[in-house]
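Asker: File query_15.pdb follows (PDB, C-alpha atoms (C1' of nucleotides)):
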```pdb
ATOM      1  CA  MET L 442       7.057  14.652  -5.159
ATOM      2  CA  LYS L 443       3.851  15.507  -6.944
ATOM      3  CA  LEU L 444       2.262  18.663  -5.684
ATOM      4  CA  ASN L 445      -0.683  19.492  -7.852
ATOM      5  CA  ASN L 446      -3.499  17.759  -9.562
ATOM      6  CA  PRO L 447      -2.147  17.173 -13.069
ATOM      7  CA  ASP L 448      -5.523  18.112 -14.487
ATOM      8  CA  LEU L 449      -5.524  21.652 -13.111
ATOM      9  CA  LYS L 450      -6.672  23.853 -15.907
ATOM     10  CA  ASN L 451      -9.788  25.995 -16.001
ATOM     11  CA  ASP L 452     -11.691  28.034 -13.445
ATOM     12  CA  LYS L 453     -15.228  29.365 -12.936
ATOM     13  CA  LYS L 454     -17.668  30.370 -10.207
ATOM     14  CA  GLN L 455     -20.744  28.405  -9.287
ATOM     15  CA  THR L 456     -22.459  26.611  -6.450
ATOM     16  CA  THR L 457     -23.773  23.083  -6.324
ATOM     17  CA  SER L 458     -27.341  23.967  -5.472
ATOM     18  CA  GLY L 459     -29.556  25.561  -8.048
ATOM     19  CA  LYS L 460     -27.870  26.427 -11.345
ATOM     20  CA  LYS L 461     -28.176  24.458 -14.552
ATOM     21  CA  GLU L 462     -24.701  24.917 -15.947
ATOM     22  CA  SER L 463     -22.460  22.059 -17.020
ATOM     23  CA  CYS L 464     -21.600  19.834 -14.105
ATOM     24  CA  THR L 465     -18.031  19.465 -15.233
ATOM     25  CA  LYS L 466     -17.456  22.961 -13.896
ATOM     26  CA  ILE L 467     -18.326  21.572 -10.494
ATOM     27  CA  ILE L 468     -16.527  18.310 -10.886
ATOM     28  CA  GLN L 469     -13.112  19.743 -11.538
ATOM     29  CA  PRO L 470     -12.712  21.763  -8.334
ATOM     30  CA  VAL L 471     -14.079  18.876  -6.306
ATOM     31  CA  GLN L 472     -11.500  16.622  -7.872
ATOM     32  CA  ASP L 473      -8.842  19.177  -7.037
ATOM     33  CA  ALA L 474      -9.914  19.024  -3.421
ATOM     34  CA  LEU L 475     -10.036  15.248  -3.423
ATOM     35  CA  TYR L 476      -6.571  15.154  -4.871
ATOM     36  CA  VAL L 477      -5.035  17.096  -1.991
ATOM     37  CA  LEU L 478      -7.065  15.128   0.527
ATOM     38  CA  SER L 479      -6.483  11.785  -1.145
ATOM     39  CA  GLY L 480      -5.681   8.707   0.832
ATOM     40  CA  LYS L 481      -7.043   7.087   3.893
ATOM     41  CA  TRP L 482      -5.415   9.279   6.509
ATOM     42  CA  LYS L 483      -5.195  12.925   5.473
ATOM     43  CA  LEU L 484      -8.576  13.966   6.801
ATOM     44  CA  PRO L 485      -8.161  12.076  10.062
ATOM     45  CA  ILE L 486      -4.806  13.800  10.544
ATOM     46  CA  ILE L 487      -6.274  17.207   9.814
ATOM     47  CA  ILE L 488      -9.152  16.556  12.164
ATOM     48  CA  SER L 489      -6.756  15.532  14.879
ATOM     49  CA  LEU L 490      -4.923  18.826  14.468
ATOM     50  CA  THR L 491      -8.091  20.924  14.528
ATOM     51  CA  TYR L 492      -8.328  19.847  18.145
ATOM     52  CA  GLY L 493      -5.007  21.365  19.034
ATOM     53  CA  ASN L 494      -1.354  21.204  18.120
ATOM     54  CA  LYS L 495       0.033  17.765  18.587
ATOM     55  CA  ARG L 496       3.252  15.853  18.704
ATOM     56  CA  PHE L 497       3.964  12.898  16.490
ATOM     57  CA  SER L 498       3.395  10.134  18.991
ATOM     58  CA  GLN L 499       0.338  11.883  20.313
ATOM     59  CA  MET L 500      -1.255  11.764  16.893
ATOM     60  CA  ALA L 501      -0.163   8.200  16.382
ATOM     61  CA  ARG L 502      -2.109   7.343  19.510
ATOM     62  CA  GLU L 503      -5.163   9.421  18.734
ATOM     63  CA  ILE L 504      -5.770   8.273  15.189
ATOM     64  CA  PRO L 505      -7.082   4.734  15.303
ATOM     65  CA  LYS L 506      -4.994   2.166  13.451
ATOM     66  CA  ILE L 507      -2.640   4.553  11.707
ATOM     67  CA  THR L 508       0.959   3.381  11.441
ATOM     68  CA  ASP L 509       4.046   5.509  12.046
ATOM     69  CA  ARG L 510       4.978   5.136   8.433
ATOM     70  CA  MET L 511       1.684   6.450   7.107
ATOM     71  CA  LEU L 512       1.534   9.208   9.672
ATOM     72  CA  ALA L 513       4.971  10.466   8.692
ATOM     73  CA  LYS L 514       4.270  10.141   4.996
ATOM     74  CA  GLU L 515       0.940  11.922   5.043
ATOM     75  CA  LEU L 516       2.187  14.659   7.341
ATOM     76  CA  ARG L 517       4.945  15.338   4.845
ATOM     77  CA  GLU L 518       2.476  15.678   1.992
ATOM     78  CA  LEU L 519       0.201  17.901   4.018
ATOM     79  CA  GLU L 520       3.164  20.079   4.897
ATOM     80  CA  ILE L 521       4.142  20.357   1.245
ATOM     81  CA  ASN L 522       0.598  21.390   0.427
ATOM     82  CA  GLN L 523       0.792  23.969   3.205
ATOM     83  CA  LEU L 524      -2.060  22.594   5.195
ATOM     84  CA  VAL L 525       0.141  21.610   8.122
ATOM     85  CA  LYS L 526       3.050  23.293   9.905
ATOM     86  CA  ARG L 527       5.927  21.448  11.519
ATOM     87  CA  LYS L 528       7.979  22.922  14.334
ATOM     88  CA  VAL L 529      11.045  21.246  15.809
ATOM     89  CA  TYR L 530      12.165  21.915  19.365
ATOM     90  CA  ASP L 531      15.824  21.234  20.062
ATOM     91  CA  SER L 532      15.265  19.403  23.267
ATOM     92  CA  ILE L 533      16.519  15.981  24.193
ATOM     93  CA  PRO L 534      14.960  13.935  22.992
ATOM     94  CA  VAL L 535      13.754  15.926  20.023
ATOM     95  CA  MET L 536      10.230  17.138  20.127
ATOM     96  CA  VAL L 537       8.172  18.055  17.095
ATOM     97  CA  GLU L 538       4.953  19.973  17.161
ATOM     98  CA  TYR L 539       2.477  19.799  14.332
ATOM     99  CA  SER L 540      -0.278  22.311  13.761
ATOM    100  CA  LEU L 541      -2.747  23.389  11.114
ATOM    101  CA  THR L 542      -1.878  26.390   9.006
ATOM    102  CA  GLU L 543      -4.497  29.056   8.505
ATOM    103  CA  TYR L 544      -5.023  27.545   5.099
ATOM    104  CA  GLY L 545      -5.504  24.147   6.635
ATOM    105  CA  LYS L 546      -8.226  25.553   8.836
ATOM    106  CA  THR L 547     -10.227  26.619   5.807
ATOM    107  CA  LEU L 548     -11.080  22.960   5.335
ATOM    108  CA  ASN L 549     -13.172  23.042   8.463
ATOM    109  CA  PRO L 550     -16.590  23.647   6.852
ATOM    110  CA  ALA L 551     -16.094  20.799   4.414
ATOM    111  CA  ILE L 552     -14.970  18.443   7.151
ATOM    112  CA  ASP L 553     -17.899  19.470   9.273
ATOM    113  CA  GLU L 554     -20.364  18.570   6.542
ATOM    114  CA  LEU L 555     -18.677  15.268   5.917
ATOM    115  CA  TYR L 556     -18.836  14.597   9.629
ATOM    116  CA  LYS L 557     -22.523  15.379   9.844
ATOM    117  CA  TRP L 558     -23.274  13.187   6.879
ATOM    118  CA  GLY L 559     -21.152  10.410   8.309
ATOM    119  CA  VAL L 560     -23.078  10.475  11.563
ATOM    120  CA  GLN L 561     -26.370  10.162   9.732
ATOM    121  CA  HIS L 562     -25.025   7.431   7.548
ATOM    122  CA  ARG L 563     -23.739   5.472  10.500
ATOM    123  CA  LYS L 564     -27.152   5.667  12.092
ATOM    124  CA  LYS L 565     -28.797   4.452   8.927
ATOM    125  CA  ILE L 566     -26.442   1.515   8.509
ATOM    126  CA  ILE L 567     -26.427   0.401  12.118
ATOM    127  CA  GLY L 568     -30.197   0.785  12.307
ATOM    128  CA  LYS L 569     -30.995  -1.793   9.705
ATOM    129  CA  ASP L 570     -28.348  -4.391  10.501
TER     130      ASP L 570
ATOM    131  CA  MET E1366     -19.602  -7.118  -2.311
ATOM    132  CA  LYS E1367     -18.631  -5.117   0.748
ATOM    133  CA  LEU E1368     -21.295  -2.738   1.898
ATOM    134  CA  ASN E1369     -20.219  -1.171   5.118
ATOM    135  CA  ASN E1370     -17.114   0.192   6.704
ATOM    136  CA  PRO E1371     -15.786  -2.767   8.689
ATOM    137  CA  ASP E1372     -14.939  -0.408  11.539
ATOM    138  CA  LEU E1373     -18.525   0.701  12.148
ATOM    139  CA  LYS E1374     -19.014   0.694  15.860
ATOM    140  CA  ASN E1375     -19.797   3.626  18.107
ATOM    141  CA  ASP E1376     -21.882   6.756  17.783
ATOM    142  CA  LYS E1377     -22.044  10.207  19.364
ATOM    143  CA  LYS E1378     -23.124  13.755  18.643
ATOM    144  CA  GLN E1379     -20.721  16.611  18.130
ATOM    145  CA  THR E1380     -19.638  19.198  15.632
ATOM    146  CA  THR E1381     -16.194  19.935  14.340
ATOM    147  CA  SER E1382     -16.158  23.558  15.424
ATOM    148  CA  GLY E1383     -15.889  24.410  19.070
ATOM    149  CA  LYS E1384     -15.976  21.466  21.458
ATOM    150  CA  LYS E1385     -12.957  19.943  23.144
ATOM    151  CA  GLU E1386     -13.910  16.271  23.124
ATOM    152  CA  SER E1387     -11.719  13.491  21.725
ATOM    153  CA  CYS E1388     -11.161  13.915  18.037
ATOM    154  CA  THR E1389     -11.594  10.211  17.402
ATOM    155  CA  LYS E1390     -15.316  10.799  17.877
ATOM    156  CA  ILE E1391     -15.095  13.030  14.836
ATOM    157  CA  ILE E1392     -12.726  10.888  12.858
ATOM    158  CA  GLN E1393     -14.867   7.795  12.799
ATOM    159  CA  PRO E1394     -17.949   9.251  11.099
ATOM    160  CA  VAL E1395     -15.764  11.069   8.613
ATOM    161  CA  GLN E1396     -14.081   7.806   7.770
ATOM    162  CA  ASP E1397     -17.495   6.219   7.362
ATOM    163  CA  ALA E1398     -18.365   8.894   4.849
ATOM    164  CA  LEU E1399     -15.065   8.549   3.046
ATOM    165  CA  TYR E1400     -15.600   4.830   2.848
ATOM    166  CA  VAL E1401     -18.856   5.148   0.946
ATOM    167  CA  LEU E1402     -17.440   7.886  -1.231
ATOM    168  CA  SER E1403     -14.112   6.171  -1.767
ATOM    169  CA  GLY E1404     -12.465   6.088  -5.137
ATOM    170  CA  LYS E1405     -11.757   8.549  -7.810
ATOM    171  CA  TRP E1406     -15.177   8.691  -9.417
ATOM    172  CA  LYS E1407     -18.008   8.432  -6.907
ATOM    173  CA  LEU E1408     -18.294  12.120  -6.181
ATOM    174  CA  PRO E1409     -18.019  13.139  -9.822
ATOM    175  CA  ILE E1410     -20.793  10.687 -10.630
ATOM    176  CA  ILE E1411     -22.987  11.996  -7.842
ATOM    177  CA  ILE E1412     -22.355  15.560  -8.930
ATOM    178  CA  SER E1413     -23.274  14.694 -12.468
ATOM    179  CA  LEU E1414     -26.569  13.307 -11.224
ATOM    180  CA  THR E1415     -27.370  16.310  -9.063
ATOM    181  CA  TYR E1416     -27.704  18.151 -12.340
ATOM    182  CA  GLY E1417     -30.467  15.901 -13.540
ATOM    183  CA  ASN E1418     -31.192  12.278 -14.293
ATOM    184  CA  LYS E1419     -28.827  10.900 -16.872
ATOM    185  CA  ARG E1420     -28.285   7.934 -19.085
ATOM    186  CA  PHE E1421     -25.149   5.873 -19.052
ATOM    187  CA  SER E1422     -23.516   7.255 -22.145
ATOM    188  CA  GLN E1423     -24.498  10.762 -21.188
ATOM    189  CA  MET E1424     -22.585  10.474 -17.953
ATOM    190  CA  ALA E1425     -19.671   8.825 -19.699
ATOM    191  CA  ARG E1426     -19.455  11.942 -21.854
ATOM    192  CA  GLU E1427     -19.959  14.454 -19.061
ATOM    193  CA  ILE E1428     -17.440  13.117 -16.601
ATOM    194  CA  PRO E1429     -13.979  13.874 -17.924
ATOM    195  CA  LYS E1430     -11.740  10.853 -18.509
ATOM    196  CA  ILE E1431     -13.942   8.260 -16.845
ATOM    197  CA  THR E1432     -14.000   4.878 -18.557
ATOM    198  CA  ASP E1433     -17.098   2.766 -19.166
ATOM    199  CA  ARG E1434     -15.741   0.154 -16.855
ATOM    200  CA  MET E1435     -15.291   2.515 -13.935
ATOM    201  CA  LEU E1436     -18.599   4.224 -14.551
ATOM    202  CA  ALA E1437     -20.458   0.920 -14.457
ATOM    203  CA  LYS E1438     -18.542  -0.303 -11.444
ATOM    204  CA  GLU E1439     -19.006   2.815  -9.360
ATOM    205  CA  LEU E1440     -22.666   3.176 -10.318
ATOM    206  CA  ARG E1441     -23.205  -0.336  -9.067
ATOM    207  CA  GLU E1442     -21.628   0.443  -5.721
ATOM    208  CA  LEU E1443     -23.561   3.671  -5.383
ATOM    209  CA  GLU E1444     -26.762   1.811  -6.120
ATOM    210  CA  ILE E1445     -25.956  -0.796  -3.475
ATOM    211  CA  ASN E1446     -25.359   1.996  -0.993
ATOM    212  CA  GLN E1447     -28.685   3.486  -2.007
ATOM    213  CA  LEU E1448     -27.300   6.774  -3.178
ATOM    214  CA  VAL E1449     -28.280   6.168  -6.788
ATOM    215  CA  LYS E1450     -31.376   4.722  -8.456
ATOM    216  CA  ARG E1451     -31.327   2.778 -11.692
ATOM    217  CA  LYS E1452     -34.337   2.565 -13.996
ATOM    218  CA  VAL E1453     -34.414   0.409 -17.108
ATOM    219  CA  TYR E1454     -36.672   1.238 -20.039
ATOM    220  CA  ASP E1455     -37.557  -1.689 -22.273
ATOM    221  CA  SER E1456     -36.912   0.093 -25.495
ATOM    222  CA  ILE E1457     -34.702  -1.021 -28.333
ATOM    223  CA  PRO E1458     -31.941  -0.490 -27.765
ATOM    224  CA  VAL E1459     -32.196  -0.599 -24.001
ATOM    225  CA  MET E1460     -32.155   2.690 -22.219
ATOM    226  CA  VAL E1461     -31.180   3.138 -18.591
ATOM    227  CA  GLU E1462     -31.832   6.190 -16.522
ATOM    228  CA  TYR E1463     -29.816   6.948 -13.423
ATOM    229  CA  SER E1464     -30.857   9.354 -10.727
ATOM    230  CA  LEU E1465     -30.002  10.321  -7.184
ATOM    231  CA  THR E1466     -32.090   8.902  -4.382
ATOM    232  CA  GLU E1467     -33.339  11.253  -1.686
ATOM    233  CA  TYR E1468     -30.576   9.857   0.435
ATOM    234  CA  GLY E1469     -28.039  10.629  -2.238
ATOM    235  CA  LYS E1470     -29.184  14.218  -2.265
ATOM    236  CA  THR E1471     -28.296  14.588   1.392
ATOM    237  CA  LEU E1472     -24.675  14.656   0.305
ATOM    238  CA  ASN E1473     -25.236  18.013  -1.321
ATOM    239  CA  PRO E1474     -24.016  20.249   1.519
ATOM    240  CA  ALA E1475     -20.794  18.294   1.858
ATOM    241  CA  ILE E1476     -20.166  18.374  -1.867
ATOM    242  CA  ASP E1477     -20.870  22.066  -1.936
ATOM    243  CA  GLU E1478     -18.239  22.760   0.719
ATOM    244  CA  LEU E1479     -15.725  20.582  -1.048
ATOM    245  CA  TYR E1480     -16.474  22.446  -4.229
ATOM    246  CA  LYS E1481     -16.007  25.835  -2.629
ATOM    247  CA  TRP E1482     -12.744  24.783  -1.076
ATOM    248  CA  GLY E1483     -11.605  23.297  -4.351
ATOM    249  CA  VAL E1484     -12.238  26.568  -6.160
ATOM    250  CA  GLN E1485     -10.182  28.490  -3.624
ATOM    251  CA  HIS E1486      -7.446  25.917  -3.738
ATOM    252  CA  ARG E1487      -7.290  25.987  -7.499
ATOM    253  CA  LYS E1488      -6.906  29.736  -7.390
ATOM    254  CA  LYS E1489      -4.115  29.470  -4.878
ATOM    255  CA  ILE E1490      -2.222  26.877  -6.863
ATOM    256  CA  ILE E1491      -2.626  28.458 -10.255
ATOM    257  CA  GLY E1492      -1.774  31.847  -8.792
ATOM    258  CA  LYS E1493       1.696  30.930  -7.700
ATOM    259  CA  ASP E1494       2.730  28.714 -10.579
TER     260      ASP E1494
ATOM    261  C1'  DC H1477     -26.782   1.593 -26.041
ATOM    262  C1'  DT H1478     -25.354  -0.479 -21.680
ATOM    263  C1'  DG H1479     -22.521  -2.569 -19.928
ATOM    264  C1'  DG H1480     -19.524  -7.409 -18.715
ATOM    265  C1'  DA H1481     -15.024 -10.196 -19.035
ATOM    266  C1'  DT H1482     -10.074 -10.162 -19.036
ATOM    267  C1'  DC H1483      -5.679  -8.706 -18.590
ATOM    268  C1'  DC H1484      -2.295  -5.778 -16.607
ATOM    269  C1'  DT H1485       0.092  -2.268 -13.816
ATOM    270  C1'  DG H1486       1.346   0.825 -10.230
ATOM    271  C1'  DC H1487       1.037   2.307  -5.985
ATOM    272  C1'  DA H1488      -1.362   2.819  -1.463
ATOM    273  C1'  DC H1489      -0.876   0.765   2.589
ATOM    274  C1'  DG H1490       0.573  -2.620   6.185
ATOM    275  C1'  DA H1491       4.299  -5.151   8.945
ATOM    276  C1'  DT H1492       8.529  -5.188  10.848
ATOM    277  C1'  DA H1493      12.958  -3.772  12.058
ATOM    278  C1'  DC H1494      16.080  -0.148  12.841
ATOM    279  C1'  DT H1495      18.300   4.764  14.044
ATOM    280  C1'  DG H1496      19.955   9.608  15.807
TER     281       DG H1496
ATOM    282  C1'  DC O1499      10.938  10.596  20.760
ATOM    283  C1'  DA O1500      10.269  11.018  15.806
ATOM    284  C1'  DG O1501      10.791   9.127  12.387
ATOM    285  C1'  DT O1502      13.397   5.945   8.005
ATOM    286  C1'  DA O1503      14.390   1.633   5.369
ATOM    287  C1'  DT O1504      12.853  -2.414   3.420
ATOM    288  C1'  DC O1505       9.857  -5.718   1.969
ATOM    289  C1'  DG O1506       5.479  -7.614   0.585
ATOM    290  C1'  DT O1507       0.623  -7.337  -1.154
ATOM    291  C1'  DG O1508      -3.978  -6.323  -2.616
ATOM    292  C1'  DC O1509      -6.636  -3.895  -5.194
ATOM    293  C1'  DA O1510      -7.987   0.439  -7.617
ATOM    294  C1'  DG O1511      -8.226   1.625 -11.881
ATOM    295  C1'  DG O1512      -6.737   1.848 -17.090
ATOM    296  C1'  DA O1513      -6.950  -0.574 -21.829
ATOM    297  C1'  DT O1514      -9.123  -3.469 -24.809
ATOM    298  C1'  DC O1515     -12.395  -6.542 -26.644
ATOM    299  C1'  DC O1516     -16.852  -8.580 -26.551
ATOM    300  C1'  DA O1517     -22.185  -9.087 -25.992
ATOM    301  C1'  DG O1518     -27.363  -8.747 -25.480
TER     302       DG O1518
END
```
Reformat the file's structure so that it appears as structure tokens.

Answerer:
Amino acid sequence: MKLNNPDLKNDKKQTTSGKKESCTKIIQPVQDALYVLSGKWKLPIIISLTYGNKRFSQMAREIPKITDRMLAKELRELEINQLVKRKVYDSIPVMVEYSLTEYGKTLNPAIDELYKWGVQHRKKIIGKD
Amino acid sequence: MKLNNPDLKNDKKQTTSGKKESCTKIIQPVQDALYVLSGKWKLPIIISLTYGNKRFSQMAREIPKITDRMLAKELRELEINQLVKRKVYDSIPVMVEYSLTEYGKTLNPAIDELYKWGVQHRKKIIGKD
DNA sequence: CTGGATCCTGCACGATACTG
DNA sequence: CAGTATCGTGCAGGATCCAG
């Protein structure tokens, strides 16, 4: 299982607004983030968990159109990347509770901005159709 | 050429922090955003352009590992989605200048958060290797 | 210099069936 | 309930060559 972006290499501080420095310094960390969040379902899963700990079937119901296979697969990757925690209760039948790790919660500001942009974008697209 | 997320449908206001409402209301706009930004290169291209208008070959040099084919393809999609402007100068040889539209610039906050998270993440990963 | 045309490959993702 | 196993497929994206 691949854990890290194979291109991980350098490091530097900077913010996207203002400075003139080489944009590749910005691009690399963004690509690192995209790598961990890659795929169609990781952000939806994370969002689902920011609204409370959930069980597998609960998430499967809440996330539109996701399949069991993809849910299981992406949850596994998110767990490996320590964004998601998995807790098994030895009841019958088995019950599994998923939750965000503290690290996972640090994605919240980024998700929030994406959400806000998405809302605007949706308005723009629907408006002119 | 597909322009819009085929699942475009509803709309509502909300922010990711705080409220209790159904998370699917959050998921949909985020997926809309991801749809427009999909692929390995769209954000890197946009970032490159937030640091100034660029010509094709300039971007090809600045964005690590991108191929001419992908650069052309993704620029086309970004132009269709009105995030990027394309201006042709009738010189010999032809010169083309790309720039962000005002709309494209509205992605800045989201990119900035992704960048900040990416920097932290890179530190975390490199730290424990 | 700015791309387009072709060819090729892997893998992301879906569908369906099955299990402890 | 919480997944796994298997199969099939499209398409994203790389490599290479060509063109106005």

Asker: Selection in question (the file shown): the PyMOL selection byres ((chain L) within 9 of (chain H)). Which residues does it include, as a list in words?

Answerer: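 Applied to this file, the PyMOL selection byres ((chain L) within 9 of (chain H)) returns Gly480, Lys481, Thr508 and Met511 of chain L.
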
Asker: Next, write the just-selected residues to a file, as a tab-separated table (two decimals), in the coordinates of the input, keeping C-alpha atoms as the atom set.

Answerer:
```tsv
chain	number	residue	atom	x	y	z
L	480	GLY	CA	-5.68	8.71	0.83
L	481	LYS	CA	-7.04	7.09	3.89
L	508	THR	CA	0.96	3.38	11.44
L	511	MET	CA	1.68	6.45	7.11
```

Asker: Return as JSON lines the residues of chain E lying at most 6 Å from chain L, together with the closest atom-to-atom pair for each and the distance in Å to one decimal, counting all atoms listed in the file, with rows in chain order and ascending residue number.

Answerer:
```
{"residue": "E:Thr1381", "atom": "CA", "partner": "L:Asp553", "partner_atom": "CA", "distance": 5.4}
{"residue": "E:Cys1388", "atom": "CA", "partner": "L:Ser489", "partner_atom": "CA", "distance": 5.7}
{"residue": "E:Ile1392", "atom": "CA", "partner": "L:Pro485", "partner_atom": "CA", "distance": 5.5}
{"residue": "E:Pro1394", "atom": "CA", "partner": "L:Gly559", "partner_atom": "CA", "distance": 4.4}
{"residue": "E:Val1395", "atom": "CA", "partner": "L:Tyr556", "partner_atom": "CA", "distance": 4.8}
{"residue": "E:Asp1397", "atom": "CA", "partner": "L:Gly559", "partner_atom": "CA", "distance": 5.6}
{"residue": "E:Ala1398", "atom": "CA", "partner": "L:Gly559", "partner_atom": "CA", "distance": 4.7}
{"residue": "E:Pro1409", "atom": "CA", "partner": "L:Ile468", "partner_atom": "CA", "distance": 5.5}
{"residue": "E:Ser1413", "atom": "CA", "partner": "L:Cys464", "partner_atom": "CA", "distance": 5.6}
{"residue": "E:Ala1475", "atom": "CA", "partner": "L:Glu554", "partner_atom": "CA", "distance": 4.7}
{"residue": "E:Asp1477", "atom": "CA", "partner": "L:Thr457", "partner_atom": "CA", "distance": 5.4}
{"residue": "E:Glu1478", "atom": "CA", "partner": "L:Ala551", "partner_atom": "CA", "distance": 4.7}
{"residue": "E:Leu1479", "atom": "CA", "partner": "L:Ala551", "partner_atom": "CA", "distance": 5.5}
{"residue": "E:Tyr1480", "atom": "CA", "partner": "L:Val471", "partner_atom": "CA", "distance": 4.8}
{"residue": "E:Gly1483", "atom": "CA", "partner": "L:Pro470", "partner_atom": "CA", "distance": 4.4}
{"residue": "E:Val1484", "atom": "CA", "partner": "L:Pro470", "partner_atom": "CA", "distance": 5.3}
```

Asker: Would you give me, as a tab-separated table, each residue of chain O having an atom within 10 Å of an atom of chain E, along with its shortest atom pair and that distance in Å to one decimal, using only C-alpha atoms (C1' of nucleotides) and sorting by chain and residue number?

Answerer:
```
residue	atom	partner	partner_atom	distance
O:DA1510	C1'	E:Gly1404	CA	7.6
O:DG1511	C1'	E:Met1435	CA	7.4
O:DG1512	C1'	E:Thr1432	CA	8.0
O:DA1513	C1'	E:Thr1432	CA	9.5
O:DG1518	C1'	E:Val1459	CA	9.6
```

Asker: Let me make sure I understand: among E:Ala1425, E:Val1461, E:Leu1443, E:Lys1470, which one has the smallest atom-to-atom distance to Leu1402 of chain E if we use only C-alpha atoms?

Answerer: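 Closest residue, counting only C-alpha atoms: E:Leu1443.
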
Asker: One decimal, Å: what's the distance from atom CA of Glu520 of chain L over to atom CA of Arg496 of chain L, could you say?

Answerer: 14.4 Å

Asker: Tell me, in Å to one decimal, how far atom CA of Tyr530 of chain L is from atom CA of Ser498 of chain L.

Answerer: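 Separation between atom CA of Tyr530 of chain L and atom CA of Ser498 of chain L: 14.7 Å.
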
Asker: Between atom CA of Met1424 of chain E and atom C1' of DC1509 of chain O, what is the distance, to one decimal in Å?

Answerer: 25.0 Å

Asker: Using the block above, I'd like segment 481-505 of chain L written out, keeping C-alpha atoms and formatting it as a compact mmCIF listing (two decimals), in the first residue's frame.

Answerer:
```txt
# COMPACT_ATOMS: atom_id res chain seq x y z
CA LYS L 481 -13.78 10.75 -5.71
CA TRP L 482 -14.81 9.83 -2.18
CA LYS L 483 -12.22 10.80 0.42
CA LEU L 484 -13.50 14.30 1.03
CA PRO L 485 -17.14 13.22 1.13
CA ILE L 486 -16.20 10.57 3.70
CA ILE L 487 -14.29 13.06 5.80
CA ILE L 488 -17.14 15.52 5.63
CA SER L 489 -19.56 12.86 6.71
CA LEU L 490 -17.40 12.17 9.75
CA THR L 491 -17.06 15.84 10.69
CA TYR L 492 -20.76 15.63 11.47
CA GLY L 493 -20.28 12.94 14.05
CA ASN L 494 -18.91 9.44 14.44
CA LYS L 495 -20.63 7.03 12.16
CA ARG L 496 -21.03 3.37 11.48
CA PHE L 497 -20.30 1.82 8.13
CA SER L 498 -23.83 1.42 6.87
CA GLN L 499 -24.73 4.84 8.16
CA MET L 500 -22.07 6.40 5.99
CA ALA L 501 -23.03 4.25 3.06
CA ARG L 502 -26.49 5.74 3.33
CA GLU L 503 -25.41 9.32 3.88
CA ILE L 504 -22.93 9.62 1.06
CA PRO L 505 -24.84 9.74 -2.19
```
